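Enquirer: Got a file for you: protein-v7.txt, compact mmCIF, C-alpha atoms.
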# COMPACT_ATOMS: atom_id res chain seq x y z
CA VAL A 1 -11.53 129.17 13.67
CA MET A 2 -13.02 126.65 16.12
CA VAL A 3 -15.96 124.24 16.14
CA ILE A 4 -17.39 122.85 19.39
CA SER A 5 -20.01 120.18 18.75
CA ASP A 6 -22.03 117.58 20.63
CA THR A 7 -23.20 117.64 24.24
CA ILE A 8 -19.82 118.29 25.84
CA THR A 9 -18.56 120.82 28.38
CA VAL A 10 -15.77 123.15 27.29
CA HIS A 11 -13.96 126.09 28.92
CA LEU A 12 -12.02 128.47 26.69
CA GLU A 13 -9.76 131.01 28.35
CA GLY A 14 -7.20 133.53 27.14
CA LEU A 15 -7.55 132.70 23.43
CA HIS A 16 -7.55 134.98 20.39
CA PHE A 17 -9.93 134.15 17.51
CA GLU A 18 -9.15 136.25 14.45
CA GLY A 19 -9.78 136.24 10.70
CA GLY A 20 -12.22 133.33 10.58
CA ASP A 21 -14.56 133.09 7.57
CA ALA A 22 -17.51 130.68 7.50
CA SER A 23 -18.42 131.35 3.84
CA GLY A 24 -19.72 128.16 2.25
CA LEU A 25 -19.73 126.17 5.49
CA GLY A 26 -23.46 126.40 6.28
CA GLY A 27 -24.58 125.26 9.70
CA GLY A 28 -26.88 128.18 10.48
CA PRO A 29 -30.64 128.71 10.10
CA ASP A 30 -31.86 127.39 6.72
CA ALA A 31 -28.35 126.00 6.19
CA ARG A 32 -26.91 129.50 5.87
CA ASP A 33 -23.29 130.27 6.75
CA ALA A 34 -22.72 130.84 10.46
CA GLY A 35 -20.00 131.33 13.03
CA GLY A 36 -16.99 133.06 11.53
CA GLY A 37 -14.87 132.84 14.68
CA LEU A 38 -16.57 130.22 16.85
CA TYR A 39 -19.28 127.68 15.98
CA ILE A 40 -20.95 125.98 18.97
CA LEU A 41 -23.56 123.22 18.66
CA THR A 42 -25.47 121.96 21.74
CA GLY A 43 -22.48 122.22 24.08
CA THR A 44 -22.11 123.79 27.49
CA VAL A 45 -19.40 126.36 26.90
CA THR A 46 -17.71 128.94 29.10
CA ILE A 47 -15.60 131.59 27.35
CA SER A 48 -13.50 133.97 29.45
CA ASN A 49 -10.77 136.52 28.79
CA CYS A 50 -10.82 135.80 25.04
CA THR A 51 -10.72 138.14 22.06
CA THR A 52 -12.88 137.50 18.99
CA PHE A 53 -11.71 139.93 16.32
CA SER A 54 -12.44 140.55 12.62
CA ASN A 55 -14.29 137.34 11.78
CA THR A 56 -16.92 136.98 9.04
CA GLY A 57 -20.09 134.90 8.86
CA SER A 58 -20.35 134.99 5.07
CA THR A 59 -18.99 136.95 2.12
CA THR A 60 -21.17 135.19 -0.47
CA GLY A 61 -24.64 134.93 1.08
CA PRO A 62 -26.62 135.64 4.25
CA GLY A 63 -24.49 135.35 7.38
CA TYR A 64 -25.26 134.55 11.01
CA GLY A 65 -22.92 135.34 13.88
CA GLY A 66 -19.78 136.95 12.54
CA GLY A 67 -17.81 136.40 15.73
CA LEU A 68 -19.73 133.55 17.34
CA TYR A 69 -22.70 131.32 16.54
CA ALA A 70 -24.27 129.00 19.13
CA ARG A 71 -27.29 126.72 18.74
CA GLY A 72 -28.88 124.97 21.71
CA GLY A 73 -27.04 124.20 24.89
CA SER A 74 -25.77 127.06 27.02
CA VAL A 75 -22.99 129.61 26.88
CA ALA A 76 -21.40 131.85 29.50
CA LEU A 77 -19.16 134.71 28.39
CA ARG A 78 -17.08 136.62 30.94
CA HIS A 79 -14.54 139.40 30.41
CA ASN A 80 -14.28 138.91 26.64
CA GLU A 81 -13.72 141.37 23.80
CA ILE A 82 -15.85 140.82 20.70
CA VAL A 83 -14.66 143.40 18.22
CA SER A 84 -15.07 144.28 14.52
CA ASN A 85 -16.85 141.13 13.36
CA THR A 86 -19.33 141.02 10.46
CA ALA A 87 -22.20 138.58 9.91
CA GLY A 88 -22.83 139.28 6.19
CA THR A 89 -20.69 141.48 3.99
CA ASN A 90 -22.68 141.53 0.73
CA VAL A 91 -26.08 140.03 1.62
CA TYR A 92 -28.24 140.42 4.71
CA GLY A 93 -26.83 139.42 8.08
CA PHE A 94 -27.85 138.72 11.65
CA GLY A 95 -25.68 139.11 14.75
CA GLY A 96 -22.45 140.82 13.79
CA GLY A 97 -20.71 140.02 17.06
CA MET A 98 -22.66 136.88 17.95
CA TYR A 99 -25.86 134.98 17.15
CA LEU A 100 -27.43 132.82 19.85
CA ASP A 101 -29.98 130.36 18.45
CA ARG A 102 -32.25 128.97 21.20
CA THR A 103 -29.32 129.06 23.60
CA SER A 104 -29.37 129.84 27.31
CA ALA A 105 -26.85 132.59 27.87
CA ALA A 106 -25.11 134.62 30.56
CA LEU A 107 -22.95 137.56 29.45
CA LEU A 108 -20.92 139.27 32.14
CA TYR A 109 -18.38 142.11 31.86
CA ASN A 110 -17.85 141.77 28.09
CA THR A 111 -17.01 144.44 25.53
CA ILE A 112 -19.03 144.09 22.32
CA LEU A 113 -17.57 146.75 20.06
CA SER A 114 -17.82 147.90 16.41
CA ASN A 115 -19.54 144.80 15.01
CA THR A 116 -21.79 144.84 11.94
CA ALA A 117 -24.73 142.59 11.07
CA SER A 118 -24.62 143.46 7.35
CA TYR A 119 -22.45 145.87 5.49
CA TRP A 120 -24.32 146.44 2.22
CA ASP A 121 -27.73 144.83 2.81
CA ALA A 122 -30.34 144.82 5.58
CA GLY A 123 -29.13 143.65 8.97
CA GLN A 124 -30.34 142.96 12.49
CA GLY A 125 -28.40 142.79 15.73
CA GLY A 126 -25.12 144.56 15.09
CA GLY A 127 -23.61 143.57 18.42
CA LEU A 128 -25.62 140.44 19.11
CA TYR A 129 -28.78 138.67 18.01
CA LEU A 130 -30.82 136.48 20.37
CA ASP A 131 -33.17 134.13 18.49
CA GLY A 132 -35.44 132.03 20.68
CA GLY A 133 -37.46 130.53 17.85
CA ALA A 134 -41.24 130.82 18.05
CA PRO A 135 -44.21 129.30 19.91
CA PRO A 136 -44.94 126.62 20.93
CA ASP A 137 -41.24 126.52 21.87
CA LEU A 138 -40.59 128.03 25.28
CA PRO A 139 -38.35 131.10 25.09
CA PRO A 140 -34.82 130.62 26.40
CA SER A 141 -33.27 133.06 28.86
CA ALA A 142 -30.39 135.49 28.47
CA SER A 143 -28.87 137.62 31.24
CA LEU A 144 -26.55 140.52 30.47
CA LEU A 145 -24.67 142.12 33.37
CA GLU A 146 -22.23 145.04 33.16
CA ASN A 147 -21.41 144.67 29.48
CA ARG A 148 -20.29 147.48 27.19
CA ILE A 149 -22.19 147.36 23.88
CA ALA A 150 -20.82 150.19 21.77
CA GLY A 151 -20.35 151.34 18.19
CA ASN A 152 -22.20 148.43 16.57
CA SER A 153 -24.39 148.66 13.45
CA GLY A 154 -27.36 146.69 12.16
CA SER A 155 -26.43 147.81 8.65
CA ARG A 156 -23.87 150.31 7.40
CA LYS A 157 -25.49 150.91 4.00
CA SER A 158 -29.14 149.77 4.22
CA ASP A 159 -32.09 149.18 6.55
CA GLY A 160 -31.21 147.92 10.01
CA GLN A 161 -32.68 147.04 13.38
CA GLY A 162 -31.13 146.61 16.78
CA GLY A 163 -27.76 148.29 16.41
CA GLY A 164 -26.53 147.08 19.78
CA MET A 165 -28.79 144.05 20.27
CA TYR A 166 -31.81 142.37 18.69
CA ALA A 167 -33.80 139.93 20.85
CA ASN A 168 -36.59 137.74 19.46
CA HIS A 169 -38.73 135.40 21.64
CA TYR A 170 -36.36 135.47 24.62
CA ASN A 171 -36.67 136.11 28.33
CA VAL A 172 -34.03 138.80 28.49
CA GLU A 173 -32.57 140.56 31.51
CA LEU A 174 -30.23 143.54 31.18
CA LEU A 175 -28.64 144.87 34.36
CA ASP A 176 -26.14 147.72 34.62
CA ASN A 177 -25.02 147.65 30.98
CA LEU A 178 -23.61 150.52 28.93
CA VAL A 179 -25.25 150.75 25.48
CA GLN A 180 -23.83 153.63 23.46
CA TYR A 181 -23.03 154.92 19.95
CA ASN A 182 -24.84 152.09 18.17
CA THR A 183 -26.73 152.52 14.87
CA GLY A 184 -29.77 150.64 13.60
CA GLY A 185 -29.53 151.35 9.88
CA VAL A 186 -28.45 153.74 7.16
CA GLY A 187 -31.28 153.44 4.65
CA LYS A 188 -35.02 153.86 4.28
CA GLU A 189 -35.76 152.45 7.73
CA GLY A 190 -33.98 151.96 11.02
CA LYS A 191 -35.37 150.77 14.35
CA GLY A 192 -33.87 150.42 17.79
CA GLY A 193 -30.52 152.16 17.56
CA GLY A 194 -29.43 150.76 20.92
CA LEU A 195 -31.74 147.79 21.46
CA TYR A 196 -34.62 146.15 19.57
CA ILE A 197 -36.69 143.79 21.73
CA PHE A 198 -39.36 141.80 19.87
CA PHE A 199 -41.88 139.26 21.13
CA SER A 200 -39.95 138.92 24.40
CA ASP A 201 -40.34 139.45 28.13
CA ALA A 202 -37.73 141.91 29.31
CA LEU A 203 -36.32 143.44 32.49
CA LEU A 204 -34.03 146.47 32.08
CA GLU A 205 -32.53 147.87 35.28
CA ASP A 206 -29.73 150.37 35.98
CA ASN A 207 -28.63 150.57 32.33
CA LEU A 208 -27.18 153.63 30.62
CA VAL A 209 -28.41 153.91 27.02
CA ARG A 210 -26.94 156.95 25.29
CA HIS A 211 -25.92 158.46 21.94
CA ASN A 212 -27.56 155.74 19.82
CA VAL A 213 -29.26 156.40 16.45
CA ALA A 214 -32.04 154.35 14.87
CA ASN A 215 -31.49 155.58 11.30
CA ARG A 216 -28.67 157.65 9.85
CA GLY A 217 -30.21 157.54 6.35
CA ALA A 218 -29.62 160.87 4.68
CA SER A 219 -30.84 162.20 1.34
CA THR A 220 -31.85 165.70 0.28
CA ALA A 221 -35.42 166.70 -0.44
CA GLU A 222 -34.39 167.34 -4.06
CA GLN A 223 -33.02 163.81 -4.44
CA ARG A 224 -36.16 162.30 -2.98
CA ALA A 225 -38.35 164.39 -5.27
CA GLU A 226 -36.44 163.15 -8.32
CA GLU A 227 -36.88 159.55 -7.21
CA GLU A 228 -40.50 160.12 -6.07
CA ASP A 229 -39.37 158.72 -2.76
CA GLU A 230 -40.39 159.28 0.86
CA ALA A 231 -37.98 160.53 3.49
CA PRO A 232 -36.09 157.95 5.58
CA GLU A 233 -37.71 156.81 8.81
CA GLY A 234 -36.29 156.01 12.22
CA ILE A 235 -38.07 154.55 15.23
CA SER A 236 -36.47 154.76 18.68
CA GLY A 237 -32.90 155.83 18.95
CA GLY A 238 -32.56 154.16 22.35
CA VAL A 239 -34.78 151.08 22.81
CA HIS A 240 -37.69 149.79 20.71
CA PHE A 241 -40.18 147.28 22.14
CA CYS A 242 -42.56 145.50 19.77
CA THR A 243 -45.17 142.83 20.59
CA CYS A 244 -43.80 142.21 24.09
CA GLY A 245 -45.97 140.88 26.90
CA ASP A 246 -44.13 141.73 30.11
CA VAL A 247 -41.67 144.63 30.09
CA LYS A 248 -40.19 146.35 33.13
CA LEU A 249 -37.77 149.30 33.12
CA ARG A 250 -36.33 150.44 36.44
CA ASN A 251 -33.79 153.13 37.19
CA ASN A 252 -32.38 153.35 33.66
CA THR A 253 -30.94 156.47 32.09
CA ILE A 254 -31.96 157.00 28.45
CA PHE A 255 -29.89 159.95 27.32
CA SER A 256 -29.24 161.82 24.06
CA ASN A 257 -30.48 159.20 21.59
CA THR A 258 -31.87 160.10 18.15
CA ALA A 259 -34.53 158.30 16.12
CA CYS A 260 -33.56 159.73 12.70
CA ILE A 261 -30.85 162.05 11.43
CA ASP A 262 -32.49 163.30 8.25
CA GLY A 263 -36.03 161.93 7.99
CA HIS A 264 -39.17 161.05 9.91
CA GLY A 265 -38.38 160.23 13.54
CA TYR A 266 -40.55 158.60 16.19
CA GLY A 267 -39.40 158.13 19.77
CA GLY A 268 -35.97 159.59 20.32
CA GLY A 269 -35.44 157.70 23.57
CA LEU A 270 -37.98 154.87 23.80
CA SER A 271 -40.79 153.47 21.66
CA PHE A 272 -43.46 150.87 22.37
CA CYS A 273 -45.81 149.05 19.98
CA LYS A 274 -48.24 146.28 20.97
CA THR A 275 -46.50 146.15 24.34
CA GLU A 276 -47.45 146.49 28.00
CA ALA A 277 -44.68 148.06 30.04
CA MET A 278 -44.04 149.28 33.58
CA LEU A 279 -41.54 152.13 33.99
CA ASP A 280 -40.26 153.18 37.40
CA SER A 281 -37.64 155.80 38.34
CA ASN A 282 -36.13 156.14 34.87
CA LYS A 283 -34.45 159.28 33.54
CA ILE A 284 -35.36 159.98 29.89
CA ILE A 285 -33.34 163.06 29.04
CA SER A 286 -32.21 165.05 25.97
CA ASN A 287 -33.42 162.62 23.31
CA THR A 288 -34.46 163.75 19.81
CA ALA A 289 -37.07 162.45 17.39
CA THR A 290 -35.41 163.90 14.26
CA LEU A 291 -32.66 166.33 13.45
CA SER A 292 -34.22 167.27 10.10
CA THR A 293 -35.54 170.81 9.62
CA GLU A 294 -37.46 170.06 6.41
CA LEU A 295 -41.07 171.21 6.58
CA THR A 296 -42.52 167.91 5.33
CA VAL A 297 -40.57 165.72 7.76
CA ARG A 298 -42.32 164.48 10.91
CA GLY A 299 -40.76 164.32 14.35
CA TRP A 300 -43.00 162.82 17.07
CA GLY A 301 -42.17 161.85 20.63
CA GLY A 302 -38.80 163.24 21.62
CA GLY A 303 -38.59 161.18 24.80
CA VAL A 304 -41.19 158.43 24.32
CA TRP A 305 -43.42 157.36 21.41
CA THR A 306 -46.17 154.73 21.53
CA GLY A 307 -47.88 152.89 18.66
CA ASP A 308 -50.76 150.46 18.31
CA ARG A 309 -51.99 148.67 21.45
CA ALA A 310 -49.22 149.97 23.68
CA SER A 311 -49.96 150.50 27.35
CA LEU A 312 -47.53 152.21 29.72
CA SER A 313 -47.64 152.45 33.50
CA MET A 314 -45.13 155.07 34.60
CA SER A 315 -44.17 156.12 38.13
CA ASN A 316 -41.43 158.38 39.48
CA ASP A 317 -39.92 158.88 36.01
CA LEU A 318 -38.24 162.06 34.75
CA ILE A 319 -38.95 163.16 31.15
CA ALA A 320 -36.86 166.27 30.53
CA GLY A 321 -35.11 168.25 27.83
CA ASN A 322 -36.26 166.07 24.93
CA HIS A 323 -37.04 167.41 21.45
CA ALA A 324 -39.69 166.56 18.87
CA LYS A 325 -39.98 168.59 15.70
CA ASN A 326 -43.78 168.53 15.54
CA GLN A 327 -45.64 166.67 18.28
CA GLY A 328 -44.87 165.51 21.80
CA GLY A 329 -41.50 166.85 22.82
CA GLY A 330 -41.66 164.74 25.97
CA LEU A 331 -44.26 162.03 25.35
CA TRP A 332 -46.36 161.07 22.32
CA PHE A 333 -49.30 158.78 23.08
CA GLY A 334 -51.24 157.55 20.05
CA VAL A 335 -51.61 154.84 17.41
CA GLU A 336 -49.67 153.95 14.30
CA ASN A 337 -52.10 152.10 12.00
CA GLU A 338 -55.17 151.32 14.09
CA GLY A 339 -58.04 153.70 14.79
CA TYR A 340 -58.00 153.89 18.59
CA ASN A 341 -56.09 152.44 21.52
CA PRO A 342 -58.43 151.87 24.47
CA ARG A 343 -55.70 150.52 26.76
CA GLY A 344 -54.21 153.93 27.36
CA HIS A 345 -51.42 155.05 29.66
CA ARG A 346 -51.14 155.80 33.36
CA LEU A 347 -48.62 158.20 34.87
CA GLU A 348 -48.14 158.78 38.59
CA HIS A 349 -45.53 160.98 40.29
CA VAL A 350 -43.90 161.69 36.92
CA THR A 351 -41.98 164.90 36.16
CA ILE A 352 -42.29 166.25 32.59
CA ALA A 353 -40.12 169.32 32.13
CA ASP A 354 -38.46 171.56 29.55
CA ASN A 355 -39.24 169.48 26.47
CA HIS A 356 -39.05 171.27 23.13
CA GLY A 357 -40.32 171.37 19.55
CA ASP A 358 -39.88 173.37 16.37
CA ASP A 359 -43.57 173.96 15.57
CA TYR A 360 -45.17 173.76 18.99
CA GLU A 361 -43.82 172.53 22.27
CA HIS A 362 -45.78 169.76 23.98
CA GLY A 363 -44.92 168.12 27.24
CA VAL A 364 -47.47 165.40 26.45
CA TYR A 365 -49.34 164.83 23.17
CA VAL A 366 -52.41 162.55 23.26
CA THR A 367 -54.28 161.39 20.16
CA ASN A 368 -56.56 158.39 19.53
CA THR A 369 -56.00 157.02 23.03
CA VAL A 370 -56.49 157.93 26.68
CA ALA A 371 -53.98 159.08 29.30
CA PHE A 372 -54.37 159.33 33.09
CA LEU A 373 -51.95 161.67 34.90
CA THR A 374 -51.90 161.71 38.70
CA ASN A 375 -49.65 163.81 40.97
CA THR A 376 -47.68 164.94 37.93
CA ILE A 377 -45.32 167.89 37.49
CA ILE A 378 -45.57 169.59 34.08
CA ALA A 379 -43.19 172.51 33.74
CA GLY A 380 -41.23 174.71 31.38
CA HIS A 381 -42.90 174.12 28.00
CA HIS A 382 -43.08 177.18 25.74
CA GLY A 383 -46.32 175.92 24.25
CA PHE A 384 -48.62 173.28 25.72
CA GLY A 385 -48.04 171.27 28.86
CA VAL A 386 -50.61 168.74 27.65
CA TYR A 387 -52.13 168.76 24.17
CA VAL A 388 -55.15 166.52 23.51
CA ALA A 389 -55.78 166.07 19.79
CA THR A 390 -58.19 164.08 17.61
CA ASP A 391 -60.12 161.43 19.56
CA GLY A 392 -57.78 161.80 22.50
CA ASP A 393 -58.76 161.83 26.16
CA ALA A 394 -56.80 162.93 29.20
CA THR A 395 -57.71 162.77 32.88
CA LEU A 396 -55.49 164.87 35.15
CA GLU A 397 -55.56 164.85 38.94
CA ALA A 398 -53.36 166.88 41.30
CA THR A 399 -51.16 168.43 38.62
CA LEU A 400 -48.45 170.95 39.38
CA TRP A 401 -48.24 173.40 36.44
CA TYR A 402 -45.24 175.69 36.21
CA GLU A 403 -44.12 178.06 33.44
CA ASN A 404 -46.01 176.46 30.56
CA THR A 405 -46.89 179.15 28.03
As structure tokens, please, write out the structure in this file.
Expert:
Amino acid sequence: VMVISDTITVHLEGLHFEGGDASGLGGGPDARDAGGGLYILTGTVTISNCTTFSNTGSTTGPGYGGGLYARGGSVALRHNEIVSNTAGTNVYGFGGGMYLDRTSAALLYNTILSNTASYWDAGQGGGLYLDGGAPPDLPPSASLLENRIAGNSGSRKSDGQGGGMYANHYNVELLDNLVQYNTGGVGKEGKGGGLYIFFSDALLEDNLVRHNVANRGASTAEQRAEEEDEAPEGISGGVHFCTCGDVKLRNNTIFSNTACIDGHGYGGGLSFCKTEAMLDSNKIISNTATLSTELTVRGWGGGVWTGDRASLSMSNDLIAGNHAKNQGGGLWFGVENEGYNPRGHRLEHVTIADNHGDDYEHGVYVTNTVAFLTNTIIAGHHGFGVYVATDGDATLEATLWYENT
């Protein structure tokens, strides 16, 4: 619909961008189609009180930024509605609502609703995709304040990541946002139903992340047996962090997210892999690793799941009412592919209560790593408050135990 190019300063206000289609126009990464509604190149652009609706990045090949694509420069979006845009309809897509390519960004008070990265193929960043390139380039910065990111999908028919947002090599700050009802994928694999943060430094504070699903992939055990196929897999219904150096979560509520509907699920609320993170005063409540009841399906880490080389420092957090089918209704500390994680996890003044499981109930499950729990409340588990499995170590000091069977 509109192209803004060159190093100019532009302010758009009160406009309606609808029905744009960038198929065949190129302009994106690797000359792929990009920017169905708005295409911005190196400008300084402010967009306020605009609606970007039902635009398409590409119908013929990979698409980038169904609603908006920006490369370089800086963008500020305030009080906009970015609704029902699609990056790629038939082939893979990135950034259904918008794709920011090495662009400094400030997003304030926007609604990013019902966008899709890819309809039929794999997709990343249903609502938005932040691509900061790779080293030695310095990561750009993006700040998101009081946005509503809801009902977006990485993919509606295949594997997907980052239903609400996917961030790669960015310094990203999320303050007081609502992230809800987003879906990573509907296929063999889905990660980060709400948010997927990769290779980035991140601060998350005062956000509400709820009712997101990493993978809705559903197939019966009989169908999988006929195809000699494994069950679908979902990792982190709420937020997934992978290969991040500096992560801080303060005073967030992670509520009622699900890693997988009908397959293996890991980390209903949060998951961390190759990441060091500090958590303070968060509420991680009523999240679910998997809804499947099949005997061969795994459900680990209802509230939190950690993989290889993850290291968490938690203080004053509440982990309550989460569900894991097999291991770690509240917290699952372990490794994914490597033999042992010596970095371990440290919890202080943390409350772990009323977490559930189908096989056994564990408040905390520790395997192939070490956990230190100090001044911790562990209560209401009809099984084990703390379960230390193969090659696991746990050091507990000043623990209050209450009604653990």
Enquirer: Which of these residues is nearest to Asp201 (chain A), using only C-alpha atoms: A:Gly185, A:Pro232, A:Gly95, A:Gly132?
Expert: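 With only C-alpha atoms as the atom set, the closest residue is A:Gly132.
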Enquirer: Excluding same-chain residues fewer than 2 positions from Asp6 (chain A), what lies within 10 Å of it counting only C-alpha atoms, as a PyMOL selection string?
Expert: chain A and resi 4+8-9+40-44+73
Enquirer: For Leu130 (chain A), work out the shell of residues within 8 Å, counting only C-alpha atoms and skipping chain neighbours fewer than 5 positions away, then give it as an NGL selection string.
Expert: :A and (99-102 or 165-168 or 170)
Enquirer: Near region 303-308 of chain A, counting all atoms listed in the file, which residues have an atom at most 9 Å away, once you skip same-chain residues fewer than 5 positions from it, shown as a VMD selection string?
Expert: chain A and resid 235 to 236 254 257 266 to 275 284 to 289 319 to 324 328 to 341 355
Enquirer: Would you mind telling me which residue in A:Lys325, A:Glu403, A:Asp391, A:Ala371 lies nearest to Asp354 (chain A) when using all atoms listed in the file?
Expert: A:Glu403
Enquirer: Compare A:Gly127, A:Thr290, A:Asn171, A:Gln327 by their minimum atom-to-atom distance to Ile261 (chain A), counting all atoms listed in the file, and give me the closest one.
Expert: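 Residue with the minimum atom-to-atom distance to Ile261 (chain A): A:Thr290.
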Enquirer: Could you please give me, as a VMD selection string, the residues of protein, DNA or RNA lying at most 6 Å from (-40.0, 158.7, 6.9) in the coordinate frame of the file, considering only C-alpha atoms?
Expert: chain A and resid 231 to 233 263 to 264
Enquirer: Skipping near chain neighbours, those fewer than 5 positions away, what residues fall within 10 Å of Gly24 (chain A) using only C-alpha atoms, listed as a list in words?
Expert: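 Those residues are Ala31, Arg32, Asp33, Ala34, Gly57, Ser58, Thr59, Thr60 and Gly61 of chain A.
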Enquirer: How would the residues just picked look written out with C-alpha atoms as a compact mmCIF listing (two decimals), in the frame of the given file?
Expert:
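Output (result-v4.txt):
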# COMPACT_ATOMS: atom_id res chain seq x y z
CA ALA A 31 -28.35 126.00 6.19
CA ARG A 32 -26.91 129.50 5.87
CA ASP A 33 -23.29 130.27 6.75
CA ALA A 34 -22.72 130.84 10.46
CA GLY A 57 -20.09 134.90 8.86
CA SER A 58 -20.35 134.99 5.07
CA THR A 59 -18.99 136.95 2.12
CA THR A 60 -21.17 135.19 -0.47
CA GLY A 61 -24.64 134.93 1.08
Enquirer: Figure out the distance between CA of Asp246 (chain A) and CA of Val45 (chain A), please, to one decimal in Å.
Expert: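 These two atoms are separated by 29.3 Å.
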Enquirer: Measuring between all atoms listed in the file, which one of A:Gly217, A:Gly187, A:Gly88, A:Gly66 shows the shortest distance to Thr52 (chain A)?
Expert: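 Among A:Gly217, A:Gly187, A:Gly88, A:Gly66, it is A:Gly66 that comes nearest to Thr52 (chain A).
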Enquirer: Given the choices A:Ala106, A:Ile352, A:Ala150, A:Cys244, which gets closest to Leu174 (chain A) if the distance is worked out from only C-alpha atoms?
Expert: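 Checking each candidate against Leu174 (chain A), we get A:Ala106 as the closest.
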Enquirer: Do a neighbour search on Asn207 (chain A) at 6 Å with all atoms listed in the file, toss out local chain neighbours closer than 5 positions, and write the hits as number ranges by chain.
Expert: A: 176-177, 252
Enquirer: Looking at A:Gly344, A:Gly237, A:Thr369, A:Thr243, which one is nearest to Gly302 (chain A), with distances taken over only C-alpha atoms?
Expert: A:Gly237
Enquirer: Report, in Å to a single decimal, how far apart CA of Arg298 (chain A) and CA of Cys260 (chain A) are.
Expert: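 For CA of Cys260 (chain A) relative to CA of Arg298 (chain A), the distance reads 10.1 Å.
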Enquirer: Work out how far CA of Arg216 (chain A) is from CA of Ala142 (chain A), in Å to one decimal.
Expert: 29.0 Å
Enquirer: If you take every atom of region 388-400 of chain A that the file lists and fit an axis-aligned box around them with 8 Å extra on each side, what centre and edge lengths come out in Å to one decimal, as JSON?
Expert:
{"center_x": -54.3, "center_y": 166.2, "center_z": 29.5, "size_x": 27.7, "size_y": 25.5, "size_z": 39.7}
Enquirer: Would you fill the gaps in region 111-115 of chain A so it has all heavy atoms, then print it as an mmCIF file, keeping the file's coordinate frame?
Expert:
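Writing done, so here's result-v1.cif:
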data_model
loop_
_atom_site.group_PDB
_atom_site.id
_atom_site.type_symbol
_atom_site.label_atom_id
_atom_site.label_comp_id
_atom_site.auth_asym_id
_atom_site.auth_seq_id
_atom_site.Cartn_x
_atom_site.Cartn_y
_atom_site.Cartn_z
ATOM 1 N N THR A 111 -16.984 143.291 26.432
ATOM 2 C CA THR A 111 -17.010 144.440 25.530
ATOM 3 C C THR A 111 -17.397 143.951 24.150
ATOM 4 O O THR A 111 -16.711 143.104 23.557
ATOM 5 C CB THR A 111 -15.630 145.118 25.474
ATOM 6 O OG1 THR A 111 -15.323 145.668 26.759
ATOM 7 C CG2 THR A 111 -15.632 146.244 24.452
ATOM 8 N N ILE A 112 -18.520 144.463 23.636
ATOM 9 C CA ILE A 112 -19.030 144.090 22.320
ATOM 10 C C ILE A 112 -18.979 145.363 21.481
ATOM 11 O O ILE A 112 -19.824 146.249 21.600
ATOM 12 C CB ILE A 112 -20.452 143.522 22.421
ATOM 13 C CG1 ILE A 112 -20.460 142.309 23.359
ATOM 14 C CG2 ILE A 112 -20.994 143.132 21.048
ATOM 15 C CD1 ILE A 112 -21.837 141.806 23.713
ATOM 16 N N LEU A 113 -17.964 145.461 20.614
ATOM 17 C CA LEU A 113 -17.570 146.750 20.060
ATOM 18 C C LEU A 113 -17.416 146.694 18.541
ATOM 19 O O LEU A 113 -16.766 145.792 17.994
ATOM 20 C CB LEU A 113 -16.234 147.170 20.689
ATOM 21 C CG LEU A 113 -15.594 148.468 20.225
ATOM 22 C CD1 LEU A 113 -16.441 149.666 20.645
ATOM 23 C CD2 LEU A 113 -14.178 148.593 20.797
ATOM 24 N N SER A 114 -18.050 147.638 17.851
ATOM 25 C CA SER A 114 -17.820 147.900 16.410
ATOM 26 C C SER A 114 -18.084 146.683 15.534
ATOM 27 O O SER A 114 -17.369 146.431 14.558
ATOM 28 C CB SER A 114 -16.380 148.391 16.180
ATOM 29 O OG SER A 114 -16.176 149.613 16.853
ATOM 30 N N ASN A 115 -19.130 145.922 15.857
ATOM 31 C CA ASN A 115 -19.540 144.800 15.010
ATOM 32 C C ASN A 115 -20.653 145.236 14.074
ATOM 33 O O ASN A 115 -21.368 146.198 14.329
ATOM 34 C CB ASN A 115 -19.994 143.638 15.886
ATOM 35 C CG ASN A 115 -18.917 143.185 16.849
ATOM 36 O OD1 ASN A 115 -17.990 142.484 16.478
ATOM 37 N ND2 ASN A 115 -19.029 143.597 18.119
#
